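Below is one structure; the comments refer to it alone.
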Amino acid sequence: MCSEEMKLWNDLRTASFALVELQLYLDTHGCEPAAMALYHQYRTKRQNAMEALNLQYGPVTPYDVTNPSKWTWTDCPWPWEGEV
């Protein structure tokens with residue numbers, strides 16, 4: 001895995017973790033503007049990382065397959081296979 005791909009995966013994991021934590025906080029503090037702003041900031045970061053990974057390295061999840069004529073989910077190596 002190249003360093004750019006690793007950075008994107010790290011961005012995705014970091015933003016996803018922050019979103020879960022912010023969701024839990026907002027469940028009890030839903031009217032706090034700073035928390036909402038932070039939630040949307042991490043939501044955008046996660047979305048950008050997902051889009052970049054999907055575009056450059058293939059679908060992140062089966063739901064991200066966009067090719068109408070080929071199932072591209074299995075085109076990339078599985079995590080335990082390493083680089084091919």
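Every chain in the structure tokens has a letter given in the order shown (A, B, ...), and although residue numbers restart at 1 in each chain, ligands are simply numbered from 1 in the order shown.
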
For this session: For Asn10 of chain A, work out the shell of residues within 12 Å, counting only C-alpha atoms and skipping chain neighbours fewer than 3 positions away, then give it as an NGL selection string.
Result: :A and (3-7 or 13-17 or 45-46 or 49-50 or 53)

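Using only C-alpha atoms, the contacts of Asn54 of chain A at a cut-off of 12 Å, with sequence neighbours closer than 2 positions omitted, comprise Glu5, Leu8, Trp9, Leu12, Gln47, Asn48, Ala49, Met50, Glu51, Ala52, Gln56, Tyr57, Gly58, Pro59, Val60, Thr61, Pro62, Tyr63, Asp64, Val65, Thr66, Asn67, Thr72, Trp73 and Cys76 of chain A.
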
Exercise. Could you name the residues that touch segment 18-34 of chain A at 9 Å or less, counting only C-alpha atoms, but leaving out those on the same chain fewer than 6 positions away, as a PyMOL selection string?
Worked result: chain A and resi 40+42-43+46

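When atom CA of Leu55 of chain A is paired with atom CA of Trp80 of chain A, their separation reads 21.7 Å.
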
Problem set entry | DSSP helix (DSSP H, G or I) residues within chain A, as a ChimeraX atom specification | /A:3-28,33-57,62-64,72-74
